[in-house]
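Coordinates from work-v8.cif are shown below (mmCIF, C-alpha atoms).
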```cif
data_target
loop_
_atom_site.group_PDB
_atom_site.id
_atom_site.type_symbol
_atom_site.label_atom_id
_atom_site.label_comp_id
_atom_site.auth_asym_id
_atom_site.auth_seq_id
_atom_site.Cartn_x
_atom_site.Cartn_y
_atom_site.Cartn_z
ATOM 1 C CA MET A 7 -1.393 -6.910 16.223
ATOM 2 C CA ARG A 8 2.200 -7.770 15.381
ATOM 3 C CA GLY A 9 2.863 -6.997 11.756
ATOM 4 C CA HIS A 10 0.110 -4.382 11.674
ATOM 5 C CA VAL A 11 0.940 -1.740 14.295
ATOM 6 C CA VAL A 12 4.493 -0.495 14.834
ATOM 7 C CA GLY A 13 3.678 1.610 17.880
ATOM 8 C CA TYR A 14 1.848 4.460 19.579
ATOM 9 C CA THR A 15 3.265 7.827 20.609
ATOM 10 C CA GLY A 16 1.579 10.410 22.804
ATOM 11 C CA TYR A 17 2.334 14.107 23.282
ATOM 12 C CA ARG A 18 1.021 16.540 25.866
ATOM 13 C CA LEU A 19 1.279 20.272 25.146
ATOM 14 C CA SER A 20 0.877 22.723 27.991
ATOM 15 C CA GLY A 21 0.823 26.334 26.863
ATOM 16 C CA ALA A 22 3.638 25.545 24.476
ATOM 17 C CA PRO A 23 4.860 28.060 21.892
ATOM 18 C CA VAL A 24 4.719 27.156 18.224
ATOM 19 C CA ALA A 25 6.937 24.124 17.528
ATOM 20 C CA ARG A 26 7.788 23.304 13.926
ATOM 21 C CA ARG A 27 9.058 19.836 13.127
ATOM 22 C CA LEU A 28 10.433 18.289 9.970
ATOM 23 C CA ASN A 29 8.757 14.892 9.592
ATOM 24 C CA LEU A 30 10.773 12.612 7.344
ATOM 25 C CA PRO A 31 9.736 9.853 4.925
ATOM 26 C CA SER A 32 9.215 6.486 6.578
ATOM 27 C CA ALA A 33 7.835 3.062 5.761
ATOM 28 C CA THR A 34 4.736 3.539 7.890
ATOM 29 C CA LEU A 35 1.302 5.115 7.619
ATOM 30 C CA THR A 36 0.575 7.568 10.419
ATOM 31 C CA LEU A 37 -2.777 8.207 12.076
ATOM 32 C CA CYS A 38 -2.805 11.407 14.175
ATOM 33 C CA LEU A 39 -5.620 12.179 16.614
ATOM 34 C CA THR A 40 -5.670 15.455 18.563
ATOM 35 C CA TRP A 41 -7.815 17.204 21.112
ATOM 36 C CA GLY A 42 -7.401 20.633 22.659
ATOM 37 C CA THR A 43 -5.216 21.985 19.857
ATOM 38 C CA PRO A 44 -5.040 21.075 16.160
ATOM 39 C CA LEU A 45 -2.083 19.860 14.149
ATOM 40 C CA VAL A 46 -0.993 22.042 11.222
ATOM 41 C CA LEU A 47 0.639 20.273 8.279
ATOM 42 C CA ALA A 48 2.376 21.718 5.242
ATOM 43 C CA ALA A 49 4.607 20.219 2.591
ATOM 44 C CA ASP A 50 8.242 21.264 2.818
ATOM 45 C CA GLY A 51 8.729 24.405 0.783
ATOM 46 C CA GLN A 52 5.514 25.898 2.175
ATOM 47 C CA PRO A 53 6.623 26.689 5.731
ATOM 48 C CA THR A 54 4.060 29.442 6.282
ATOM 49 C CA ALA A 55 1.099 27.618 4.755
ATOM 50 C CA GLY A 56 -0.734 24.648 6.089
ATOM 51 C CA ARG A 57 -4.019 23.070 6.997
ATOM 52 C CA CYS A 58 -5.344 22.452 10.497
ATOM 53 C CA TRP A 59 -6.286 18.891 11.367
ATOM 54 C CA ASP A 60 -7.988 17.425 14.417
ATOM 55 C CA GLU A 61 -7.530 13.963 12.910
ATOM 56 C CA VAL A 62 -5.374 13.108 9.902
ATOM 57 C CA LEU A 63 -4.033 10.029 8.163
ATOM 58 C CA LEU A 64 -0.706 10.300 6.325
ATOM 59 C CA GLY A 65 0.197 7.822 3.601
ATOM 60 C CA LEU A 66 3.701 6.750 2.642
ATOM 61 C CA ARG A 67 5.635 9.526 0.949
ATOM 62 C CA THR A 68 9.013 10.431 -0.504
ATOM 63 C CA GLY A 69 9.304 13.974 0.818
ATOM 64 C CA PRO A 70 9.254 15.780 4.173
ATOM 65 C CA VAL A 71 6.214 17.338 5.833
ATOM 66 C CA ILE A 72 6.353 20.305 8.190
ATOM 67 C CA SER A 73 4.122 19.992 11.264
ATOM 68 C CA ARG A 74 3.253 22.780 13.699
ATOM 69 C CA THR A 75 1.702 22.527 17.140
ATOM 70 C CA SER A 76 1.115 25.104 19.850
ATOM 71 C CA GLY A 77 -1.049 25.849 22.855
ATOM 72 C CA THR A 78 -2.504 23.290 25.229
ATOM 73 C CA GLY A 79 -3.706 19.898 24.097
ATOM 74 C CA TYR A 80 -2.854 16.314 23.240
ATOM 75 C CA LEU A 81 -1.657 14.444 20.174
ATOM 76 C CA VAL A 82 -1.637 10.690 19.641
ATOM 77 C CA GLN A 83 0.164 9.022 16.725
ATOM 78 C CA VAL A 84 -0.529 5.481 15.581
ATOM 79 C CA GLU A 85 2.132 4.039 13.259
ATOM 80 C CA LEU A 86 0.887 1.306 10.932
ATOM 81 C CA THR A 87 2.893 -0.997 8.713
ATOM 82 C CA PRO A 88 1.839 -0.785 5.052
ATOM 83 C CA LEU A 89 0.317 -4.272 5.243
ATOM 84 C CA GLY A 90 -1.493 -3.356 8.442
ATOM 85 C CA GLY A 91 -2.699 -0.104 6.916
ATOM 86 C CA TYR A 92 -4.088 -1.914 3.884
ATOM 87 C CA GLU A 93 -6.030 -4.371 6.030
ATOM 88 C CA LEU A 94 -7.201 -1.731 8.502
ATOM 89 C CA LEU A 95 -8.298 0.853 5.926
ATOM 90 C CA GLY A 96 -9.608 -1.417 3.202
ATOM 91 C CA VAL A 97 -8.484 0.752 0.269
ATOM 92 C CA PRO A 98 -5.606 0.517 -2.224
ATOM 93 C CA LEU A 99 -2.734 2.403 -0.633
ATOM 94 C CA ARG A 100 -1.732 4.023 -3.930
ATOM 95 C CA HIS A 101 -4.605 6.435 -3.267
ATOM 96 C CA LEU A 102 -2.868 7.598 -0.070
ATOM 97 C CA THR A 103 0.689 7.946 -1.364
ATOM 98 C CA GLY A 104 1.975 11.389 -0.412
ATOM 99 C CA ALA A 105 -1.491 12.358 0.798
ATOM 100 C CA ALA A 106 -3.072 13.601 4.012
ATOM 101 C CA VAL A 107 -6.726 12.600 4.398
ATOM 102 C CA ARG A 108 -9.448 12.626 7.009
ATOM 103 C CA PRO A 109 -9.550 9.234 8.746
ATOM 104 C CA ALA A 110 -13.356 9.385 8.851
ATOM 105 C CA ASP A 111 -13.429 9.238 5.052
ATOM 106 C CA LEU A 112 -11.880 5.771 5.221
ATOM 107 C CA LEU A 113 -12.666 4.414 8.669
ATOM 108 C CA GLY A 114 -16.118 5.893 9.122
ATOM 109 C CA ARG A 115 -17.147 8.905 11.171
ATOM 110 C CA HIS A 116 -18.286 6.851 14.179
ATOM 111 C CA TRP A 117 -14.976 4.982 14.504
ATOM 112 C CA ASP A 118 -12.884 8.119 14.057
ATOM 113 C CA ALA A 119 -14.737 10.630 16.229
ATOM 114 C CA GLY A 120 -15.636 8.060 18.848
ATOM 115 C CA LEU A 121 -12.017 6.987 19.188
ATOM 116 C CA THR A 122 -10.754 10.520 19.827
ATOM 117 C CA GLU A 123 -13.466 11.081 22.411
ATOM 118 C CA ARG A 124 -12.598 7.857 24.231
ATOM 119 C CA LEU A 125 -8.911 8.779 24.255
ATOM 120 C CA ALA A 126 -9.694 12.237 25.661
ATOM 121 C CA ARG A 127 -11.741 10.762 28.497
ATOM 122 C CA GLU A 128 -8.845 8.656 29.762
ATOM 123 C CA SER A 129 -6.432 10.207 32.246
ATOM 124 C CA GLY A 130 -3.300 8.194 31.491
ATOM 125 C CA TRP A 131 -1.318 6.955 28.521
ATOM 126 C CA GLU A 132 -1.547 3.249 29.374
ATOM 127 C CA ALA A 133 -5.338 3.489 29.417
ATOM 128 C CA ARG A 134 -5.250 5.288 26.068
ATOM 129 C CA TRP A 135 -3.084 2.535 24.581
ATOM 130 C CA GLU A 136 -5.679 -0.016 25.704
ATOM 131 C CA VAL A 137 -8.386 1.998 23.937
ATOM 132 C CA LEU A 138 -6.301 1.998 20.753
ATOM 133 C CA ASP A 139 -5.622 -1.732 21.038
ATOM 134 C CA GLU A 140 -9.337 -2.448 21.335
ATOM 135 C CA ALA A 141 -10.237 -0.201 18.388
ATOM 136 C CA VAL A 142 -7.566 -1.579 16.067
ATOM 137 C CA ARG A 143 -8.323 -5.208 16.947
ATOM 138 C CA ALA A 144 -12.034 -4.665 16.286
ATOM 139 C CA ARG A 145 -11.303 -3.043 12.940
ATOM 140 C CA LEU A 146 -8.954 -5.841 11.892
ATOM 141 C CA ALA A 147 -11.502 -8.458 12.922
ATOM 142 C CA ALA A 148 -13.978 -6.878 10.503
ATOM 143 C CA ARG A 149 -11.410 -6.331 7.733
ATOM 144 C CA ARG A 150 -12.488 -6.543 4.131
ATOM 145 C CA CYS A 151 -9.004 -6.881 2.621
ATOM 146 C CA PRO A 152 -7.356 -10.222 3.427
ATOM 147 C CA PRO A 153 -3.552 -10.371 3.610
ATOM 148 C CA SER A 154 -1.564 -11.392 0.525
ATOM 149 C CA PRO A 155 1.124 -14.030 1.206
ATOM 150 C CA VAL A 156 3.112 -12.842 -1.815
ATOM 151 C CA VAL A 157 3.170 -9.204 -0.691
ATOM 152 C CA ALA A 158 3.883 -10.215 2.901
ATOM 153 C CA GLU A 159 6.869 -12.291 1.766
ATOM 154 C CA ALA A 160 8.162 -9.581 -0.579
ATOM 155 C CA TRP A 161 7.822 -6.853 2.035
ATOM 156 C CA SER A 162 9.500 -9.020 4.670
ATOM 157 C CA LEU A 163 12.457 -9.701 2.369
ATOM 158 C CA LEU A 164 12.820 -6.069 1.363
ATOM 159 C CA SER A 165 12.521 -4.829 4.953
ATOM 160 C CA ALA A 166 15.002 -7.402 6.257
ATOM 161 C CA SER A 167 17.536 -6.198 3.701
ATOM 162 C CA HIS A 168 16.901 -2.554 4.700
ATOM 163 C CA GLY A 169 16.136 -1.808 1.072
ATOM 164 C CA THR A 170 19.312 -3.264 -0.385
ATOM 165 C CA LEU A 171 17.623 -6.206 -2.140
ATOM 166 C CA SER A 172 17.225 -5.458 -5.841
ATOM 167 C CA VAL A 173 13.827 -5.631 -7.513
ATOM 168 C CA GLY A 174 15.139 -8.379 -9.813
ATOM 169 C CA ARG A 175 16.233 -10.478 -6.833
ATOM 170 C CA LEU A 176 12.929 -9.778 -5.102
ATOM 171 C CA ALA A 177 11.080 -11.077 -8.166
ATOM 172 C CA GLU A 178 13.211 -14.220 -8.194
ATOM 173 C CA GLU A 179 12.679 -14.880 -4.482
ATOM 174 C CA THR A 180 8.884 -14.505 -4.719
ATOM 175 C CA GLY A 181 8.408 -16.139 -8.101
ATOM 176 C CA ARG A 182 6.592 -13.104 -9.488
ATOM 177 C CA SER A 183 7.463 -10.815 -12.376
ATOM 178 C CA ARG A 184 8.682 -7.263 -11.757
ATOM 179 C CA ARG A 185 5.455 -5.936 -13.272
ATOM 180 C CA ARG A 186 3.327 -8.072 -10.977
ATOM 181 C CA LEU A 187 5.299 -6.946 -7.927
ATOM 182 C CA GLU A 188 4.889 -3.309 -8.957
ATOM 183 C CA ASP A 189 1.120 -3.771 -9.236
ATOM 184 C CA LEU A 190 0.898 -5.542 -5.878
ATOM 185 C CA PHE A 191 3.098 -2.981 -4.126
ATOM 186 C CA ALA A 192 1.073 -0.075 -5.548
ATOM 187 C CA GLU A 193 -2.103 -1.556 -4.097
ATOM 188 C CA ARG A 194 -0.910 -2.929 -0.770
ATOM 189 C CA ILE A 195 2.212 -0.899 0.072
ATOM 190 C CA GLY A 196 1.635 2.408 -1.690
ATOM 191 C CA LEU A 197 5.104 2.694 -3.218
ATOM 192 C CA ALA A 198 6.802 0.821 -6.042
ATOM 193 C CA PRO A 199 9.380 -1.743 -4.841
ATOM 194 C CA LYS A 200 12.309 0.416 -5.936
ATOM 195 C CA THR A 201 10.883 3.512 -4.232
ATOM 196 C CA ALA A 202 10.072 1.572 -1.067
ATOM 197 C CA ALA A 203 13.671 0.338 -1.035
ATOM 198 C CA ARG A 204 14.895 3.960 -1.159
ATOM 199 C CA VAL A 205 12.834 4.828 1.907
ATOM 200 C CA LEU A 206 14.033 1.748 3.807
ATOM 201 C CA ARG A 207 17.686 2.583 3.053
ATOM 202 C CA PHE A 208 17.053 6.144 4.179
ATOM 203 C CA GLN A 209 15.553 4.918 7.450
ATOM 204 C CA ARG A 210 18.600 2.794 8.150
ATOM 205 C CA ALA A 211 20.923 5.688 7.396
ATOM 206 C CA LEU A 212 18.955 7.882 9.806
ATOM 207 C CA ALA A 213 19.487 5.369 12.597
ATOM 208 C CA MET A 214 23.242 5.467 11.984
ATOM 209 C CA LEU A 215 23.641 9.255 11.924
ATOM 210 C CA PRO A 216 24.139 9.741 15.686
ATOM 211 C CA ASP A 217 27.094 7.321 15.883
ATOM 212 C CA PRO A 218 30.233 9.527 16.003
ATOM 213 C CA ARG A 219 32.411 6.529 15.065
ATOM 214 C CA THR A 220 30.725 6.221 11.678
ATOM 215 C CA THR A 221 31.851 8.360 8.767
ATOM 216 C CA TRP A 222 29.489 9.470 6.025
ATOM 217 C CA ALA A 223 31.329 7.178 3.630
ATOM 218 C CA GLY A 224 30.959 4.314 6.088
ATOM 219 C CA THR A 225 27.264 5.014 6.505
ATOM 220 C CA ALA A 226 26.823 5.077 2.735
ATOM 221 C CA ALA A 227 28.544 1.721 2.343
ATOM 222 C CA ALA A 228 26.633 0.098 5.209
ATOM 223 C CA CYS A 229 23.264 1.263 3.873
ATOM 224 C CA GLY A 230 23.733 0.219 0.267
ATOM 225 C CA TYR A 231 24.517 3.578 -1.336
ATOM 226 C CA HIS A 232 27.060 3.712 -4.126
ATOM 227 C CA ASP A 233 29.160 6.312 -2.305
ATOM 228 C CA GLN A 234 28.929 9.333 -0.032
ATOM 229 C CA ALA A 235 27.721 11.539 -2.888
ATOM 230 C CA HIS A 236 24.836 9.139 -3.528
ATOM 231 C CA LEU A 237 23.916 9.260 0.174
ATOM 232 C CA THR A 238 23.906 13.057 0.111
ATOM 233 C CA ARG A 239 21.726 13.196 -3.003
ATOM 234 C CA GLU A 240 19.197 10.838 -1.456
ATOM 235 C CA PHE A 241 19.041 12.882 1.750
ATOM 236 C CA ARG A 242 18.436 16.041 -0.251
ATOM 237 C CA ALA A 243 15.712 14.305 -2.250
ATOM 238 C CA LEU A 244 13.940 12.632 0.678
ATOM 239 C CA ALA A 245 14.578 15.055 3.556
ATOM 240 C CA GLY A 246 15.320 18.330 1.790
ATOM 241 C CA VAL A 247 18.608 18.691 3.686
ATOM 242 C CA THR A 248 22.054 17.077 3.655
ATOM 243 C CA PRO A 249 23.057 14.414 6.219
ATOM 244 C CA THR A 250 25.182 17.019 8.009
ATOM 245 C CA GLY A 251 22.313 19.477 8.028
ATOM 246 C CA LEU A 252 19.904 16.896 9.392
ATOM 247 C CA GLN A 253 22.306 15.914 12.131
ATOM 248 C CA ALA A 254 22.680 19.580 13.076
ATOM 249 C CA LEU A 255 18.902 19.905 13.364
ATOM 250 C CA ALA A 256 18.833 16.901 15.677
ATOM 251 C CA LEU A 257 21.565 18.388 17.857
ATOM 252 C CA ARG A 258 19.655 21.678 18.005
ATOM 253 C CA GLY A 259 16.450 19.945 19.014
ATOM 254 C CA ASP A 260 15.209 18.093 22.031
ATOM 255 C CA SER A 261 16.459 14.643 21.088
ATOM 256 C CA GLY A 262 19.601 14.824 23.186
ATOM 257 C CA GLY A 263 21.847 14.823 20.157
ATOM 258 C CA ALA A 264 20.403 11.647 18.692
ATOM 259 C CA LEU A 265 17.762 11.017 16.107
ATOM 260 C CA PRO A 266 15.052 8.829 17.664
ATOM 261 C CA VAL A 267 14.869 5.343 16.189
ATOM 262 C CA HIS A 268 11.209 5.680 15.302
ATOM 263 C CA PRO A 269 9.211 5.045 12.132
ATOM 264 C CA LEU A 270 8.153 8.662 11.860
ATOM 265 C CA THR A 271 11.518 10.278 12.548
ATOM 266 C CA SER A 272 11.324 14.003 13.037
ATOM 267 C CA VAL A 273 13.576 16.859 14.119
ATOM 268 C CA LEU A 274 12.993 20.514 14.824
ATOM 269 C CA ALA A 275 12.540 22.195 11.460
ATOM 270 C CA PRO A 276 14.953 24.863 10.218
ATOM 271 C CA PHE A 277 13.782 28.437 10.618
#
```
Take the structure in this file and express it as structure tokens.
Amino acid sequence: MRGHVVGYTGYRLSGAPVARRLNLPSATLTLCLTWGTPLVLAADGQPTAGRCWDEVLLGLRTGPVISRTSGTGYLVQVELTPLGGYELLGVPLRHLTGAAVRPADLLGRHWDAGLTERLARESGWEARWEVLDEAVRARLAARRCPPSPVVAEAWSLLSASHGTLSVGRLAEETGRSRRRLEDLFAERIGLAPKTAARVLRFQRALAMLPDPRTTWAGTAAACGYHDQAHLTREFRALAGVTPTGLQALALRGDSGGALPVHPLTSVLAPF
């Protein structure tokens, strides 16, 4: 499943109080499956509102999402690459950009509900990962959307550059026009090449935040931003907080002072 699934993450809640987390833009689609307690999601700026989900699929986005969990239960996250998500789901990913949808609407009620039930019956995480492996492999084997070599090459180049490769250079490397790349990315990635590059640069900057030897100016230069002010503007636009503010949230949270290097990076949300 290399190239399709980035990883699985499991959480166990045991009588936990309400925990609010700020989930940041990433270059992955996220499938969340819960049992015992639902997941509440709300766009940033609506901290008291939200919708309860037992299962939810999150498309690529350019803004933060507040999640809330409490009580006793379990949550499993499956992180999919855009190319893997396109093949697994069988729909143009532009329809999922910035959206939260029921997985059953795309994957079928039997696959969705049956998967959560099978996960709940298992007593350990390794057994649950085997259930997920089996389900994803079966879905990919029956895929209706074959991979595109052009998109795979373009996404590989853009990802390898951490978003610093220009759209013009990307068009030259793939032998496709900018317009054609935009159309292909909208269908199979969910974001335009330039927007996807912004998210990839942001991800790289997140991974560098915990390093005390790196200055904000140094981080900006290493990640392809024009200067520190550009870095700060992008953090405000994509995360809703400044780099300093985001680092403070990480230090306040349970990450041991470091942002986890994870596709769906999250920190405890501000009050």
- Item | Explicit residue set for the PyMOL selection byres ((chain A and resi 170) around 7), as JSON, numbers by chain | {"A": [167, 168, 169, 171, 172, 203, 207, 230]}
Written as a short mmCIF file (atom, residue, chain, number, x, y, z; two decimals) with C-alpha atoms, in the coordinates of the input, which residues does the PyMOL selection byres ((chain A and resi 131) around 10) give for the file shown?
```cif
data_model
loop_
_atom_site.label_atom_id
_atom_site.label_comp_id
_atom_site.auth_asym_id
_atom_site.auth_seq_id
_atom_site.Cartn_x
_atom_site.Cartn_y
_atom_site.Cartn_z
CA TYR A 14 1.85 4.46 19.58
CA THR A 15 3.26 7.83 20.61
CA GLY A 16 1.58 10.41 22.80
CA TYR A 17 2.33 14.11 23.28
CA VAL A 82 -1.64 10.69 19.64
CA LEU A 125 -8.91 8.78 24.26
CA GLU A 128 -8.85 8.66 29.76
CA SER A 129 -6.43 10.21 32.25
CA GLY A 130 -3.30 8.19 31.49
CA GLU A 132 -1.55 3.25 29.37
CA ALA A 133 -5.34 3.49 29.42
CA ARG A 134 -5.25 5.29 26.07
CA TRP A 135 -3.08 2.54 24.58
CA GLU A 136 -5.68 -0.02 25.70
CA VAL A 137 -8.39 2.00 23.94
#
```
- Message: Starting from the PyMOL selection byres ((chain A and resi 35) around 8), expand the selection into actual residues of this file and give them as a PyMOL selection string.
- Response: chain A and resi 33-34+36-37+63-66+85-88+91
- Quick one, how far is atom CA of Arg143 of chain A from atom CA of Leu99 of chain A?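 We find that atom CA of Arg143 of chain A and atom CA of Leu99 of chain A lie 20.0 Å from each other.
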- Message: For a test of reading the model, state the distance in Å between atom CA of Ala126 of chain A and atom CA of Arg26 of chain A, rounded to one decimal.
- Response: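 Interatomic distance, atom CA of Ala126 of chain A to atom CA of Arg26 of chain A: 23.8 Å.
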- Work out how far atom CA of His116 of chain A is from atom CA of Trp59 of chain A, in Å to one decimal. 17.2 Å
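With distances restricted to only C-alpha atoms, A:Trp161 is the closest residue to Glu188 of chain A from A:Ala166, A:Leu39, A:Glu123, A:Trp161.
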- Note on the structure: Using all atoms listed in the file, the shortest atom-to-atom distance to Leu47 of chain A among A:Leu30, A:Cys229, A:Ile72, A:Ala25 belongs to A:Ile72
- Non-local contacts of Phe208 of chain A (12 Å; only C-alpha atoms; under 2 positions in same chain excluded) as a PyMOL selection string: chain A and resi 30-33+68-69+165+168-170+201-206+210-215+225-226+228-231+236-245+249+269+271
Residues of the last selection are to be written out with C-alpha atoms, as a CSV table (one decimal), in the coordinates of the input.
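Final output, saved to selection-v1.csv:
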```csv
chain,number,residue,atom,x,y,z
A,30,LEU,CA,10.8,12.6,7.3
A,31,PRO,CA,9.7,9.9,4.9
A,32,SER,CA,9.2,6.5,6.6
A,33,ALA,CA,7.8,3.1,5.8
A,68,THR,CA,9.0,10.4,-0.5
A,69,GLY,CA,9.3,14.0,0.8
A,165,SER,CA,12.5,-4.8,5.0
A,168,HIS,CA,16.9,-2.6,4.7
A,169,GLY,CA,16.1,-1.8,1.1
A,170,THR,CA,19.3,-3.3,-0.4
A,201,THR,CA,10.9,3.5,-4.2
A,202,ALA,CA,10.1,1.6,-1.1
A,203,ALA,CA,13.7,0.3,-1.0
A,204,ARG,CA,14.9,4.0,-1.2
A,205,VAL,CA,12.8,4.8,1.9
A,206,LEU,CA,14.0,1.7,3.8
A,210,ARG,CA,18.6,2.8,8.2
A,211,ALA,CA,20.9,5.7,7.4
A,212,LEU,CA,19.0,7.9,9.8
A,213,ALA,CA,19.5,5.4,12.6
A,214,MET,CA,23.2,5.5,12.0
A,215,LEU,CA,23.6,9.3,11.9
A,225,THR,CA,27.3,5.0,6.5
A,226,ALA,CA,26.8,5.1,2.7
A,228,ALA,CA,26.6,0.1,5.2
A,229,CYS,CA,23.3,1.3,3.9
A,230,GLY,CA,23.7,0.2,0.3
A,231,TYR,CA,24.5,3.6,-1.3
A,236,HIS,CA,24.8,9.1,-3.5
A,237,LEU,CA,23.9,9.3,0.2
A,238,THR,CA,23.9,13.1,0.1
A,239,ARG,CA,21.7,13.2,-3.0
A,240,GLU,CA,19.2,10.8,-1.5
A,241,PHE,CA,19.0,12.9,1.8
A,242,ARG,CA,18.4,16.0,-0.3
A,243,ALA,CA,15.7,14.3,-2.2
A,244,LEU,CA,13.9,12.6,0.7
A,245,ALA,CA,14.6,15.1,3.6
A,249,PRO,CA,23.1,14.4,6.2
A,269,PRO,CA,9.2,5.0,12.1
A,271,THR,CA,11.5,10.3,12.5
```
- Which is closest to Leu121 of chain A among A:Leu197, A:Leu138, A:Val46, A:Val107, if we use all atoms listed in the file?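 Nearest to Leu121 of chain A: A:Leu138.
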- Distance query Ala148 of chain A at most 12 Å, all atoms listed in the file, self and fewer than 3 positions along chain excluded, as a ChimeraX atom specification: /A:93-96,113,141-145,151-152
C-alpha atoms of the current selection, written as a compact mmCIF listing (two decimals), in the coordinates of the input:
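What follows is the written file part.txt:
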```
# COMPACT_ATOMS: atom_id res chain seq x y z
CA GLU A 93 -6.03 -4.37 6.03
CA LEU A 94 -7.20 -1.73 8.50
CA LEU A 95 -8.30 0.85 5.93
CA GLY A 96 -9.61 -1.42 3.20
CA LEU A 113 -12.67 4.41 8.67
CA ALA A 141 -10.24 -0.20 18.39
CA VAL A 142 -7.57 -1.58 16.07
CA ARG A 143 -8.32 -5.21 16.95
CA ALA A 144 -12.03 -4.66 16.29
CA ARG A 145 -11.30 -3.04 12.94
CA CYS A 151 -9.00 -6.88 2.62
CA PRO A 152 -7.36 -10.22 3.43
```
- For the point (1.2, 23.3, 20.5) in the file's frame, write as number ranges by chain all residues with an atom no more than 7 Å away, counting only C-alpha atoms. A: 19, 22-25, 43, 75-79
Print the selection's residues with C-alpha atoms to a file, as a PDB file, in the coordinates of the input.
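Result file is result.pdb:
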```pdb
ATOM      1  CA  LEU A  19       1.279  20.272  25.146  1.00  0.00           C
ATOM      2  CA  ALA A  22       3.638  25.545  24.476  1.00  0.00           C
ATOM      3  CA  PRO A  23       4.860  28.060  21.892  1.00  0.00           C
ATOM      4  CA  VAL A  24       4.719  27.156  18.224  1.00  0.00           C
ATOM      5  CA  ALA A  25       6.937  24.124  17.528  1.00  0.00           C
ATOM      6  CA  THR A  43      -5.216  21.985  19.857  1.00  0.00           C
ATOM      7  CA  THR A  75       1.702  22.527  17.140  1.00  0.00           C
ATOM      8  CA  SER A  76       1.115  25.104  19.850  1.00  0.00           C
ATOM      9  CA  GLY A  77      -1.049  25.849  22.855  1.00  0.00           C
ATOM     10  CA  THR A  78      -2.504  23.290  25.229  1.00  0.00           C
ATOM     11  CA  GLY A  79      -3.706  19.898  24.097  1.00  0.00           C
TER      12      GLY A  79
END
```
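Comparing the minimum interatomic distances between Ile195 of chain A and each of A:Ser154, A:Thr40, A:Thr180, A:Ser20, counting only C-alpha atoms, we find that A:Ser154 sits nearest.
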- Item | Distance query 6 Å from (30.4, 8.6, -0.5) using only C-alpha atoms, result as a ChimeraX atom specification | /A:223,226,233-235
Give the centre and edge lengths of an axis-aligned box, in Å to one decimal, that holds all listed atoms of segment 233-240 of chain A with 3 Å on each side, as JSON.
```
{"center_x": 24.2, "center_y": 9.8, "center_z": -1.7, "size_x": 16.0, "size_y": 12.9, "size_z": 9.7}
```
